[in-house]
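So this one's run_6.cif, mmCIF, C-alpha atoms and all ligand atoms; chains and numbers go by the auth columns:
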data_work
#
loop_
_atom_site.group_PDB
_atom_site.id
_atom_site.type_symbol
_atom_site.label_atom_id
_atom_site.label_comp_id
_atom_site.label_asym_id
_atom_site.label_seq_id
_atom_site.Cartn_x
_atom_site.Cartn_y
_atom_site.Cartn_z
_atom_site.B_iso_or_equiv
_atom_site.auth_seq_id
_atom_site.auth_asym_id
ATOM 1 C CA MET A 1 0.000 0.000 0.000 0.00 20 G
ATOM 2 C CA ILE A 2 1.356 3.429 -0.920 0.00 21 G
ATOM 3 C CA ILE A 3 0.821 5.978 1.859 0.00 22 G
ATOM 4 C CA ASP A 4 1.576 9.688 1.595 0.00 23 G
ATOM 5 C CA ALA A 5 2.678 10.503 5.152 0.00 24 G
ATOM 6 C CA HIS A 6 2.591 14.313 4.876 0.00 25 G
ATOM 7 C CA CYS A 7 -0.332 16.380 3.641 0.00 26 G
ATOM 8 C CA HIS A 8 -2.445 19.270 4.893 0.00 27 G
ATOM 9 C CA GLY A 9 -6.214 19.767 4.761 0.00 28 G
ATOM 10 C CA GLY A 10 -8.820 22.362 5.702 0.00 29 G
ATOM 11 C CA LYS A 11 -8.752 26.103 6.015 0.00 30 G
ATOM 12 C CA GLY A 12 -6.288 28.323 7.861 0.00 31 G
ATOM 13 C CA ASP A 13 -7.458 31.578 9.386 0.00 32 G
ATOM 14 C CA LEU A 14 -4.385 33.804 9.075 0.00 33 G
ATOM 15 C CA MET A 15 -4.541 34.341 5.291 0.00 34 G
ATOM 16 C CA THR A 16 -1.079 35.752 4.729 0.00 35 G
ATOM 17 C CA ALA A 17 0.285 32.803 2.675 0.00 36 G
ATOM 18 C CA PRO A 18 -1.068 29.635 0.995 0.00 37 G
ATOM 19 C CA TRP A 19 -0.095 27.447 3.972 0.00 38 G
ATOM 20 C CA ASN A 20 -2.226 29.414 6.450 0.00 39 G
ATOM 21 C CA THR A 21 -5.138 30.149 4.122 0.00 40 G
ATOM 22 C CA ASP A 22 -6.460 26.971 2.512 0.00 41 G
ATOM 23 C CA ALA A 23 -5.390 23.375 1.891 0.00 42 G
ATOM 24 C CA PRO A 24 -8.017 22.185 -0.605 0.00 43 G
ATOM 25 C CA LEU A 25 -8.069 18.440 -1.189 0.00 44 G
ATOM 26 C CA ARG A 26 -10.058 17.892 -4.381 0.00 45 G
ATOM 27 C CA ASP A 27 -7.156 18.208 -6.807 0.00 46 G
ATOM 28 C CA TYR A 28 -4.782 16.585 -4.337 0.00 47 G
ATOM 29 C CA LEU A 29 -6.950 13.469 -4.078 0.00 48 G
ATOM 30 C CA ALA A 30 -7.286 13.178 -7.858 0.00 49 G
ATOM 31 C CA ARG A 31 -3.522 13.507 -8.260 0.00 50 G
ATOM 32 C CA ALA A 32 -2.842 11.020 -5.457 0.00 51 G
ATOM 33 C CA ASP A 33 -5.313 8.526 -6.949 0.00 52 G
ATOM 34 C CA ALA A 34 -3.624 8.835 -10.328 0.00 53 G
ATOM 35 C CA ALA A 35 -0.248 8.160 -8.669 0.00 54 G
ATOM 36 C CA GLY A 36 -1.545 5.030 -6.919 0.00 55 G
ATOM 37 C CA ILE A 37 -1.468 6.555 -3.412 0.00 56 G
ATOM 38 C CA GLN A 38 -4.085 4.767 -1.330 0.00 57 G
ATOM 39 C CA ARG A 39 -3.853 6.472 2.066 0.00 58 G
ATOM 40 C CA THR A 40 -2.762 9.948 3.178 0.00 59 G
ATOM 41 C CA VAL A 41 -1.679 11.263 6.557 0.00 60 G
ATOM 42 C CA ILE A 42 -3.211 14.679 6.936 0.00 61 G
ATOM 43 C CA PHE A 43 -2.961 17.571 9.400 0.00 62 G
ATOM 44 C CA PRO A 44 -4.440 21.084 9.472 0.00 63 G
ATOM 45 C CA ALA A 45 -2.948 24.150 7.819 0.00 64 G
ATOM 46 C CA PHE A 46 -1.440 26.790 10.133 0.00 65 G
ATOM 47 C CA ASN A 47 -4.150 28.188 12.367 0.00 66 G
ATOM 48 C CA SER A 48 -4.543 30.455 15.379 0.00 67 G
ATOM 49 C CA ASP A 49 -6.802 27.844 17.048 0.00 68 G
ATOM 50 C CA TYR A 50 -5.637 24.257 16.602 0.00 69 G
ATOM 51 C CA ALA A 51 -8.440 22.760 18.719 0.00 70 G
ATOM 52 C CA ARG A 52 -10.888 24.152 16.171 0.00 71 G
ATOM 53 C CA ALA A 53 -8.682 23.226 13.210 0.00 72 G
ATOM 54 C CA ASN A 54 -8.373 19.643 14.478 0.00 73 G
ATOM 55 C CA ALA A 55 -12.159 19.411 14.858 0.00 74 G
ATOM 56 C CA GLU A 56 -12.623 20.595 11.261 0.00 75 G
ATOM 57 C CA LEU A 57 -10.051 18.108 10.086 0.00 76 G
ATOM 58 C CA GLY A 58 -11.917 15.413 12.007 0.00 77 G
ATOM 59 C CA GLN A 59 -14.954 16.113 9.810 0.00 78 G
ATOM 60 C CA ILE A 60 -12.857 15.896 6.654 0.00 79 G
ATOM 61 C CA VAL A 61 -11.246 12.621 7.767 0.00 80 G
ATOM 62 C CA ARG A 62 -14.645 11.142 8.553 0.00 81 G
ATOM 63 C CA ARG A 63 -16.098 12.255 5.222 0.00 82 G
ATOM 64 C CA HIS A 64 -13.278 10.514 3.358 0.00 83 G
ATOM 65 C CA ALA A 65 -12.960 7.417 5.594 0.00 84 G
ATOM 66 C CA PRO A 66 -10.868 5.344 5.382 0.00 85 G
ATOM 67 C CA ARG A 67 -8.814 7.293 2.827 0.00 86 G
ATOM 68 C CA LEU A 68 -7.282 9.854 5.242 0.00 87 G
ATOM 69 C CA ILE A 69 -5.362 9.387 8.508 0.00 88 G
ATOM 70 C CA GLY A 70 -5.545 12.434 10.804 0.00 89 G
ATOM 71 C CA PHE A 71 -2.735 13.905 12.894 0.00 90 G
ATOM 72 C CA ALA A 72 -3.524 16.547 15.551 0.00 91 G
ATOM 73 C CA PHE A 73 -1.788 19.906 15.214 0.00 92 G
ATOM 74 C CA VAL A 74 -0.745 21.511 18.517 0.00 93 G
ATOM 75 C CA HIS A 75 1.128 24.705 19.349 0.00 94 G
ATOM 76 C CA CYS A 76 3.520 23.804 22.171 0.00 95 G
ATOM 77 C CA ALA A 77 3.630 27.334 23.620 0.00 96 G
ATOM 78 C CA ARG A 78 0.119 28.677 23.003 0.00 97 G
ATOM 79 C CA ASP A 79 -1.586 25.386 23.905 0.00 98 G
ATOM 80 C CA ALA A 80 0.628 24.723 26.948 0.00 99 G
ATOM 81 C CA GLY A 81 -1.403 23.174 29.741 0.00 100 G
ATOM 82 C CA ARG A 82 -4.097 21.774 27.460 0.00 101 G
ATOM 83 C CA ILE A 83 -2.043 19.700 25.032 0.00 102 G
ATOM 84 C CA ARG A 84 -2.930 16.395 26.664 0.00 103 G
ATOM 85 C CA GLY A 85 -6.626 17.219 26.421 0.00 104 G
ATOM 86 C CA MET A 86 -6.318 18.230 22.775 0.00 105 G
ATOM 87 C CA VAL A 87 -4.476 15.017 21.957 0.00 106 G
ATOM 88 C CA ALA A 88 -7.001 12.922 23.889 0.00 107 G
ATOM 89 C CA ASP A 89 -9.841 14.575 21.935 0.00 108 G
ATOM 90 C CA ALA A 90 -8.049 14.011 18.672 0.00 109 G
ATOM 91 C CA VAL A 91 -7.530 10.315 19.389 0.00 110 G
ATOM 92 C CA GLN A 92 -10.815 9.494 21.080 0.00 111 G
ATOM 93 C CA ARG A 93 -13.246 11.701 19.162 0.00 112 G
ATOM 94 C CA TYR A 94 -11.668 11.950 15.721 0.00 113 G
ATOM 95 C CA GLY A 95 -9.628 8.737 15.538 0.00 114 G
ATOM 96 C CA PHE A 96 -6.387 10.620 14.828 0.00 115 G
ATOM 97 C CA GLN A 97 -3.160 8.652 14.907 0.00 116 G
ATOM 98 C CA GLY A 98 -0.323 11.142 15.378 0.00 117 G
ATOM 99 C CA ILE A 99 0.735 14.644 16.369 0.00 118 G
ATOM 100 C CA LYS A 100 2.056 17.437 14.140 0.00 119 G
ATOM 101 C CA ILE A 101 4.166 20.300 15.480 0.00 120 G
ATOM 102 C CA HIS A 102 5.700 23.137 13.501 0.00 121 G
ATOM 103 C CA GLY A 103 8.824 24.876 14.750 0.00 122 G
ATOM 104 C CA ALA A 104 7.566 28.148 13.268 0.00 123 G
ATOM 105 C CA ASP A 105 4.912 27.969 16.033 0.00 124 G
ATOM 106 C CA ALA A 106 7.039 26.449 18.814 0.00 125 G
ATOM 107 C CA LEU A 107 9.395 23.494 19.182 0.00 126 G
ATOM 108 C CA PRO A 108 8.422 20.337 21.124 0.00 127 G
ATOM 109 C CA ASN A 109 8.186 20.523 24.914 0.00 128 G
ATOM 110 C CA ARG A 110 7.804 17.791 27.517 0.00 129 G
ATOM 111 C CA GLU A 111 4.036 18.099 27.620 0.00 130 G
ATOM 112 C CA VAL A 112 3.613 17.073 23.997 0.00 131 G
ATOM 113 C CA CYS A 113 6.207 14.303 24.258 0.00 132 G
ATOM 114 C CA GLU A 114 4.449 12.895 27.345 0.00 133 G
ATOM 115 C CA ALA A 115 1.110 12.967 25.497 0.00 134 G
ATOM 116 C CA ALA A 116 2.665 11.153 22.526 0.00 135 G
ATOM 117 C CA ARG A 117 4.075 8.542 24.893 0.00 136 G
ATOM 118 C CA GLU A 118 0.761 8.080 26.706 0.00 137 G
ATOM 119 C CA PHE A 119 -1.277 7.660 23.507 0.00 138 G
ATOM 120 C CA GLN A 120 1.510 5.819 21.620 0.00 139 G
ATOM 121 C CA LEU A 121 1.561 8.350 18.793 0.00 140 G
ATOM 122 C CA PRO A 122 4.368 9.434 16.489 0.00 141 G
ATOM 123 C CA ILE A 123 5.256 13.144 16.452 0.00 142 G
ATOM 124 C CA LEU A 124 5.928 14.756 13.098 0.00 143 G
ATOM 125 C CA VAL A 125 7.895 17.891 13.928 0.00 144 G
ATOM 126 C CA ASP A 126 9.172 20.430 11.414 0.00 145 G
ATOM 127 C CA VAL A 127 12.321 21.707 13.142 0.00 146 G
ATOM 128 C CA VAL A 128 12.710 24.563 10.600 0.00 147 G
ATOM 129 C CA GLY A 129 16.436 23.932 10.213 0.00 148 G
ATOM 130 C CA LYS A 130 17.102 23.727 13.964 0.00 149 G
ATOM 131 C CA ALA A 131 18.207 20.100 13.789 0.00 150 G
ATOM 132 C CA GLU A 132 20.037 20.397 17.111 0.00 151 G
ATOM 133 C CA VAL A 133 16.725 20.066 18.966 0.00 152 G
ATOM 134 C CA VAL A 134 16.496 16.485 17.696 0.00 153 G
ATOM 135 C CA ASP A 135 19.599 15.755 19.800 0.00 154 G
ATOM 136 C CA MET A 136 17.627 16.946 22.839 0.00 155 G
ATOM 137 C CA ILE A 137 14.230 15.309 22.312 0.00 156 G
ATOM 138 C CA ALA A 138 15.105 11.942 20.737 0.00 157 G
ATOM 139 C CA PRO A 139 17.192 10.516 23.626 0.00 158 G
ATOM 140 C CA GLN A 140 14.766 11.935 26.238 0.00 159 G
ATOM 141 C CA TYR A 141 11.835 10.029 24.714 0.00 160 G
ATOM 142 C CA PRO A 142 13.329 6.892 23.129 0.00 161 G
ATOM 143 C CA ASP A 143 9.890 5.246 22.988 0.00 162 G
ATOM 144 C CA VAL A 144 8.351 8.131 20.971 0.00 163 G
ATOM 145 C CA PRO A 145 8.953 8.055 17.200 0.00 164 G
ATOM 146 C CA PHE A 146 9.907 11.473 15.817 0.00 165 G
ATOM 147 C CA ILE A 147 9.459 12.098 12.105 0.00 166 G
ATOM 148 C CA ILE A 148 11.580 15.070 10.992 0.00 167 G
ATOM 149 C CA PRO A 149 10.038 16.167 7.684 0.00 168 G
ATOM 150 C CA HIS A 150 11.953 17.678 4.766 0.00 169 G
ATOM 151 C CA LEU A 151 15.223 16.185 6.128 0.00 170 G
ATOM 152 C CA GLY A 152 15.123 19.008 8.664 0.00 171 G
ATOM 153 C CA SER A 153 14.536 21.965 6.364 0.00 172 G
ATOM 154 C CA PHE A 154 11.909 22.896 3.794 0.00 173 G
ATOM 155 C CA ALA A 155 14.194 25.815 2.895 0.00 174 G
ATOM 156 C CA ASP A 156 17.046 23.664 1.479 0.00 175 G
ATOM 157 C CA ASP A 157 19.296 24.194 4.491 0.00 176 G
ATOM 158 C CA TRP A 158 21.950 21.608 3.632 0.00 177 G
ATOM 159 C CA ARG A 159 23.536 21.874 7.083 0.00 178 G
ATOM 160 C CA ALA A 160 20.256 20.706 8.604 0.00 179 G
ATOM 161 C CA HIS A 161 20.063 17.882 6.015 0.00 180 G
ATOM 162 C CA GLU A 162 23.591 16.743 6.935 0.00 181 G
ATOM 163 C CA ARG A 163 22.773 16.729 10.616 0.00 182 G
ATOM 164 C CA VAL A 164 19.416 14.944 10.262 0.00 183 G
ATOM 165 C CA VAL A 165 21.033 12.200 8.136 0.00 184 G
ATOM 166 C CA GLU A 166 23.473 11.657 11.004 0.00 185 G
ATOM 167 C CA GLN A 167 20.632 11.643 13.551 0.00 186 G
ATOM 168 C CA LEU A 168 18.759 9.012 11.537 0.00 187 G
ATOM 169 C CA VAL A 169 21.816 6.801 11.911 0.00 188 G
ATOM 170 C CA ARG A 170 22.266 7.484 15.631 0.00 189 G
ATOM 171 C CA TYR A 171 18.727 7.433 17.035 0.00 190 G
ATOM 172 C CA PRO A 172 16.475 4.403 16.522 0.00 191 G
ATOM 173 C CA ASN A 173 13.373 6.581 17.112 0.00 192 G
ATOM 174 C CA VAL A 174 14.182 9.279 14.517 0.00 193 G
ATOM 175 C CA TYR A 175 12.765 9.162 10.983 0.00 194 G
ATOM 176 C CA THR A 176 12.576 11.620 8.121 0.00 195 G
ATOM 177 C CA ASP A 177 10.167 12.217 5.289 0.00 196 G
ATOM 178 C CA THR A 178 10.985 12.987 1.679 0.00 197 G
ATOM 179 C CA SER A 179 8.548 15.871 1.238 0.00 198 G
ATOM 180 C CA GLY A 180 9.934 18.959 -0.434 0.00 199 G
ATOM 181 C CA VAL A 181 13.548 17.771 -0.346 0.00 200 G
ATOM 182 C CA ARG A 182 15.137 19.182 -3.513 0.00 201 G
ATOM 183 C CA ARG A 183 18.796 18.313 -2.993 0.00 202 G
ATOM 184 C CA PHE A 184 18.400 14.758 -4.155 0.00 203 G
ATOM 185 C CA ASP A 185 21.756 13.430 -2.977 0.00 204 G
ATOM 186 C CA TYR A 186 20.758 14.037 0.642 0.00 205 G
ATOM 187 C CA LEU A 187 17.894 11.592 0.129 0.00 206 G
ATOM 188 C CA VAL A 188 20.363 9.158 -1.419 0.00 207 G
ATOM 189 C CA ALA A 189 22.659 9.642 1.586 0.00 208 G
ATOM 190 C CA ALA A 190 19.811 9.191 4.084 0.00 209 G
ATOM 191 C CA VAL A 191 18.862 5.808 2.629 0.00 210 G
ATOM 192 C CA ARG A 192 22.438 4.680 2.118 0.00 211 G
ATOM 193 C CA ARG A 193 23.609 5.616 5.614 0.00 212 G
ATOM 194 C CA ALA A 194 20.514 5.119 7.783 0.00 213 G
ATOM 195 C CA GLY A 195 18.707 2.489 5.731 0.00 214 G
ATOM 196 C CA ALA A 196 15.345 2.439 3.985 0.00 215 G
ATOM 197 C CA SER A 197 13.540 1.790 7.273 0.00 216 G
ATOM 198 C CA LYS A 198 14.264 5.378 8.430 0.00 217 G
ATOM 199 C CA VAL A 199 12.907 7.240 5.402 0.00 218 G
ATOM 200 C CA ILE A 200 9.187 7.843 4.820 0.00 219 G
ATOM 201 C CA PHE A 201 7.485 9.048 1.664 0.00 220 G
ATOM 202 C CA GLY A 202 5.559 12.300 2.110 0.00 221 G
ATOM 203 C CA SER A 203 4.445 14.919 -0.405 0.00 222 G
ATOM 204 C CA ASP A 204 3.555 18.102 1.532 0.00 223 G
ATOM 205 C CA GLY A 205 0.379 18.165 -0.474 0.00 224 G
ATOM 206 C CA PRO A 206 -1.850 19.728 -1.452 0.00 225 G
ATOM 207 C CA TRP A 207 0.689 22.446 -2.291 0.00 226 G
ATOM 208 C CA LEU A 208 3.285 20.024 -3.676 0.00 227 G
ATOM 209 C CA HIS A 209 2.235 17.421 -6.261 0.00 228 G
ATOM 210 C CA PRO A 210 2.045 13.927 -4.706 0.00 229 G
ATOM 211 C CA GLY A 211 2.868 12.198 -8.005 0.00 230 G
ATOM 212 C CA LEU A 212 5.977 14.314 -8.494 0.00 231 G
ATOM 213 C CA GLU A 213 7.122 13.740 -4.911 0.00 232 G
ATOM 214 C CA LEU A 214 6.468 9.988 -5.196 0.00 233 G
ATOM 215 C CA HIS A 215 8.558 9.870 -8.358 0.00 234 G
ATOM 216 C CA LYS A 216 11.555 11.074 -6.353 0.00 235 G
ATOM 217 C CA VAL A 217 11.336 7.853 -4.324 0.00 236 G
ATOM 218 C CA ARG A 218 11.237 5.758 -7.522 0.00 237 G
ATOM 219 C CA LEU A 219 14.288 7.635 -8.816 0.00 238 G
ATOM 220 C CA LEU A 220 16.280 6.376 -5.814 0.00 239 G
ATOM 221 C CA GLY A 221 16.429 3.091 -7.751 0.00 240 G
ATOM 222 C CA LEU A 222 16.078 0.890 -4.665 0.00 241 G
ATOM 223 C CA SER A 223 15.095 -2.760 -4.342 0.00 242 G
ATOM 224 C CA LYS A 224 11.353 -3.424 -4.383 0.00 243 G
ATOM 225 C CA ASP A 225 11.503 -4.248 -0.679 0.00 244 G
ATOM 226 C CA ALA A 226 13.278 -0.994 0.266 0.00 245 G
ATOM 227 C CA GLU A 227 10.922 1.013 -1.948 0.00 246 G
ATOM 228 C CA ARG A 228 7.883 -0.588 -0.343 0.00 247 G
ATOM 229 C CA ARG A 229 9.128 0.352 3.110 0.00 248 G
ATOM 230 C CA ILE A 230 9.652 4.005 2.165 0.00 249 G
ATOM 231 C CA MET A 231 6.375 4.255 0.262 0.00 250 G
ATOM 232 C CA GLY A 232 4.197 2.919 3.069 0.00 251 G
ATOM 233 C CA GLY A 233 5.640 0.134 5.214 0.00 252 G
ATOM 234 C CA ASN A 234 7.524 2.410 7.601 0.00 253 G
ATOM 235 C CA ILE A 235 4.658 4.757 8.398 0.00 254 G
ATOM 236 C CA LEU A 236 2.285 1.817 8.705 0.00 255 G
ATOM 237 C CA ARG A 237 4.590 0.264 11.292 0.00 256 G
ATOM 238 C CA LEU A 238 4.665 3.504 13.315 0.00 257 G
ATOM 239 C CA LEU A 239 0.880 3.847 13.170 0.00 258 G
ATOM 240 C CA SER A 240 0.165 0.267 14.148 0.00 259 G
ATOM 241 C CA ARG A 241 1.997 0.601 17.461 0.00 260 G
ATOM 242 C CA ARG A 242 -1.379 1.532 18.855 0.00 261 G
ATOM 243 C CA ARG A 243 -3.582 -1.477 19.475 0.00 262 G
ATOM 244 C CA GLN A 244 -6.752 0.222 18.310 0.00 263 G
ATOM 245 C CA SER A 245 -5.322 1.873 15.221 0.00 264 G
ATOM 246 C CA VAL A 246 -5.458 0.030 11.974 0.00 265 G
ATOM 247 C CA VAL A 247 -5.275 1.853 8.688 0.00 266 G
ATOM 248 C CA GLY A 248 -8.560 1.143 6.990 0.00 267 G
ATOM 249 C CA LEU A 249 -10.725 1.264 10.096 0.00 268 G
ATOM 250 C CA ARG A 250 -13.226 4.079 10.347 0.00 269 G
ATOM 251 C CA PRO A 251 -12.384 6.647 13.013 0.00 270 G
ATOM 252 C CA VAL A 252 -14.241 6.218 16.307 0.00 271 G
ATOM 253 C CA ALA A 253 -17.535 8.098 16.261 0.00 272 G
ATOM 254 C CA ALA A 254 -17.734 11.291 18.318 0.00 273 G
HETATM 255 ZN ZN ZN B . 3.790 20.398 5.515 0.00 301 G
#
Please re-express this file's structure in structure tokens.
Amino acid sequence: MIIDAHCHGGKGDLMTAPWNTDAPLRDYLARADAAGIQRTVIFPAFNSDYARANAELGQIVRRHAPRLIGFAFVHCARDAGRIRGMVADAVQRYGFQGIKIHGADALPNREVCEAAREFQLPILVDVVGKAEVVDMIAPQYPDVPFIIPHLGSFADDWRAHERVVEQLVRYPNVYTDTSGVRRFDYLVAAVRRAGASKVIFGSDGPWLHPGLELHKVRLLGLSKDAERRIMGGNILRLLSRRRQSVVGLRPVAA
């Protein structure tokens, strides 16, 4: 099964850039279908109220069940003190299966890591080039899987790519996704040095084309087994750590 492990859905409320205005799914889903992508991990666009954004995403996930797999977006500073409750809602009411954090909001704190541990969820955290924080969080929470998207930087920061490749090798609980990585040889290096089990296909749809991003994985020229792991096996393994979560099940009703 091919799973896109990084996509956004729903409306943002800030309206200063595409990523905080709207993440429309109609074209994305048609493109993903055409590329043979059968499941998509999805989280809200940037928002000033993630509890509301997660609830809206819950509706979208339910409408498309079982096609989409929701991750809850939390802001580690603004939502401090209520993160556990937001994550509990996301899991129990909307059937979400992971947590998304963006370093442009705030970097991970203990509260979110404890919630991930309690609910056995992976955390997908965009470290916005600050790869050094991975050296803090990963050894503190060895039982929490951290997915560091874009090899540490959507902005082509090659120093962050270098460091995340090294972290993939060193920490068993650190993974990366392929979304938006343009400097192709860093993807080659990630697979060669850390192994195909540490790299996860993601597109950063709907703004990036899922078929184009998936083609990057094919261009790595890996064995069928390695390719299968990157295209879906790895994320599936992280999601199925939770007893009640099986890709293909409908989310629990509210
Ligand atoms: Zn993204």
Return the single residue from G:Ala49, G:Met105, G:Trp38, G:Ala208 that is closest to Asp68 (chain G), with distances computed using only C-alpha atoms.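 Among the listed residues, G:Met105 lies closest to Asp68 (chain G).
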As a quick test: using all atoms listed in the file, which residues lie no more than 10 Å away from ligand ZN 301 (chain G)? Give them as a CSV table (one decimal) with C-alpha atoms, keeping the file's coordinate frame.
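Once everything was written out, this is pocket08.csv:
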chain,number,residue,atom,x,y,z
G,24,ALA,CA,2.7,10.5,5.2
G,25,HIS,CA,2.6,14.3,4.9
G,26,CYS,CA,-0.3,16.4,3.6
G,27,HIS,CA,-2.4,19.3,4.9
G,38,TRP,CA,-0.1,27.4,4.0
G,61,ILE,CA,-3.2,14.7,6.9
G,62,PHE,CA,-3.0,17.6,9.4
G,63,PRO,CA,-4.4,21.1,9.5
G,64,ALA,CA,-2.9,24.2,7.8
G,65,PHE,CA,-1.4,26.8,10.1
G,119,LYS,CA,2.1,17.4,14.1
G,120,ILE,CA,4.2,20.3,15.5
G,121,HIS,CA,5.7,23.1,13.5
G,143,LEU,CA,5.9,14.8,13.1
G,144,VAL,CA,7.9,17.9,13.9
G,145,ASP,CA,9.2,20.4,11.4
G,168,PRO,CA,10.0,16.2,7.7
G,169,HIS,CA,12.0,17.7,4.8
G,173,PHE,CA,11.9,22.9,3.8
G,198,SER,CA,8.5,15.9,1.2
G,199,GLY,CA,9.9,19.0,-0.4
G,221,GLY,CA,5.6,12.3,2.1
G,222,SER,CA,4.4,14.9,-0.4
G,223,ASP,CA,3.6,18.1,1.5
G,224,GLY,CA,0.4,18.2,-0.5
G,225,PRO,CA,-1.8,19.7,-1.5
G,226,TRP,CA,0.7,22.4,-2.3
G,227,LEU,CA,3.3,20.0,-3.7
Translate the PyMOL selection byres (((chain G and resi 41) around 7) and not hetatm), as applied to the file shown, into an explicit residue set as a ChimeraX atom specification. /G:29-31,37-40,42-43,64
Residue nearest Arg82 (chain G) - candidates G:Leu44, G:Ile56, G:Val210, G:Gly100, atoms counted: all atoms listed in the file: G:Leu44
List, as a PyMOL selection string, every residue that the PyMOL selection byres (((chain G and resi 206) around 10) and not hetatm) selects in the file provided. chain G and resi 169-170+180+184+195-197+200-205+207-212+218+235-236+239
Name the residues that the PyMOL selection byres (((chain G and resi 130-137) around 9) and not hetatm) pulls out of this structure, and write them as a short mmCIF file (atom, residue, chain, number, x, y, z; two decimals) with C-alpha atoms, keeping the file's coordinate frame.
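File written: part-v4.cif
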data_model
loop_
_atom_site.label_atom_id
_atom_site.label_comp_id
_atom_site.auth_asym_id
_atom_site.auth_seq_id
_atom_site.Cartn_x
_atom_site.Cartn_y
_atom_site.Cartn_z
CA VAL G 93 -0.74 21.51 18.52
CA CYS G 95 3.52 23.80 22.17
CA ALA G 99 0.63 24.72 26.95
CA GLY G 100 -1.40 23.17 29.74
CA ARG G 101 -4.10 21.77 27.46
CA ILE G 102 -2.04 19.70 25.03
CA ARG G 103 -2.93 16.40 26.66
CA GLY G 104 -6.63 17.22 26.42
CA VAL G 106 -4.48 15.02 21.96
CA ALA G 107 -7.00 12.92 23.89
CA GLY G 117 -0.32 11.14 15.38
CA ILE G 118 0.74 14.64 16.37
CA PRO G 127 8.42 20.34 21.12
CA ASN G 128 8.19 20.52 24.91
CA ARG G 129 7.80 17.79 27.52
CA PHE G 138 -1.28 7.66 23.51
CA GLN G 139 1.51 5.82 21.62
CA LEU G 140 1.56 8.35 18.79
CA PRO G 141 4.37 9.43 16.49
CA ILE G 142 5.26 13.14 16.45
CA ILE G 156 14.23 15.31 22.31
CA TYR G 160 11.84 10.03 24.71
CA ASP G 162 9.89 5.25 22.99
CA VAL G 163 8.35 8.13 20.97
CA PRO G 164 8.95 8.06 17.20
#
Near Lys217 (chain G), within 7 Å and counting all atoms listed in the file, which residues show up once chain neighbours fewer than 4 positions away are dropped, as a short mmCIF file (atom, residue, chain, number, x, y, z; two decimals) with C-alpha atoms, keeping the file's coordinate frame?
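What follows is the written file result.cif:
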data_model
loop_
_atom_site.label_atom_id
_atom_site.label_comp_id
_atom_site.auth_asym_id
_atom_site.auth_seq_id
_atom_site.Cartn_x
_atom_site.Cartn_y
_atom_site.Cartn_z
CA LEU G 187 18.76 9.01 11.54
CA TYR G 194 12.76 9.16 10.98
CA THR G 195 12.58 11.62 8.12
CA ALA G 213 20.51 5.12 7.78
#
Distance of CA of Asp108 (chain G) from CA of Val153 (chain G), expressed in Å to one decimal place: 26.7 Å
Mind working out the centre and edge lengths of an axis-aligned box for region 183-193 of chain G, all listed atoms inside, 3 Å added to each side, rounded to one decimal in Å and written as JSON?
{"center_x": 18.4, "center_y": 9.7, "center_z": 12.6, "size_x": 16.1, "size_y": 16.5, "size_z": 15.0}
Which polymer residues have any atom within 10 Å of an atom of Glu75 (chain G), counting all atoms listed in the file, with same-chain residues fewer than 3 positions away left out, as a list in words? Gly28, Gly29, Lys30, Pro63, Tyr69, Ala70, Arg71, Ala72, Gln78, Ile79, Val80 and Tyr113 of chain G
Quote the spacing between CA of Gln57 (chain G) and CA of Arg237 (chain G) in Å to one decimal place.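 Going from CA of Gln57 (chain G) over to CA of Arg237 (chain G) covers 16.6 Å.
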Write only C-alpha atoms for region 123-143 of chain G from the block just shown, as a PDB file, in the first residue's frame.
ATOM      1  CA  ALA G 123       7.566  28.148  13.268  1.00  0.00           C
ATOM      2  CA  ASP G 124       4.912  27.969  16.033  1.00  0.00           C
ATOM      3  CA  ALA G 125       7.039  26.449  18.814  1.00  0.00           C
ATOM      4  CA  LEU G 126       9.395  23.494  19.182  1.00  0.00           C
ATOM      5  CA  PRO G 127       8.422  20.337  21.124  1.00  0.00           C
ATOM      6  CA  ASN G 128       8.186  20.523  24.914  1.00  0.00           C
ATOM      7  CA  ARG G 129       7.804  17.791  27.517  1.00  0.00           C
ATOM      8  CA  GLU G 130       4.036  18.099  27.620  1.00  0.00           C
ATOM      9  CA  VAL G 131       3.613  17.073  23.997  1.00  0.00           C
ATOM     10  CA  CYS G 132       6.207  14.303  24.258  1.00  0.00           C
ATOM     11  CA  GLU G 133       4.449  12.895  27.345  1.00  0.00           C
ATOM     12  CA  ALA G 134       1.110  12.967  25.497  1.00  0.00           C
ATOM     13  CA  ALA G 135       2.665  11.153  22.526  1.00  0.00           C
ATOM     14  CA  ARG G 136       4.075   8.542  24.893  1.00  0.00           C
ATOM     15  CA  GLU G 137       0.761   8.080  26.706  1.00  0.00           C
ATOM     16  CA  PHE G 138      -1.277   7.660  23.507  1.00  0.00           C
ATOM     17  CA  GLN G 139       1.510   5.819  21.620  1.00  0.00           C
ATOM     18  CA  LEU G 140       1.561   8.350  18.793  1.00  0.00           C
ATOM     19  CA  PRO G 141       4.368   9.434  16.489  1.00  0.00           C
ATOM     20  CA  ILE G 142       5.256  13.144  16.452  1.00  0.00           C
ATOM     21  CA  LEU G 143       5.928  14.756  13.098  1.00  0.00           C
TER      22      LEU G 143
END
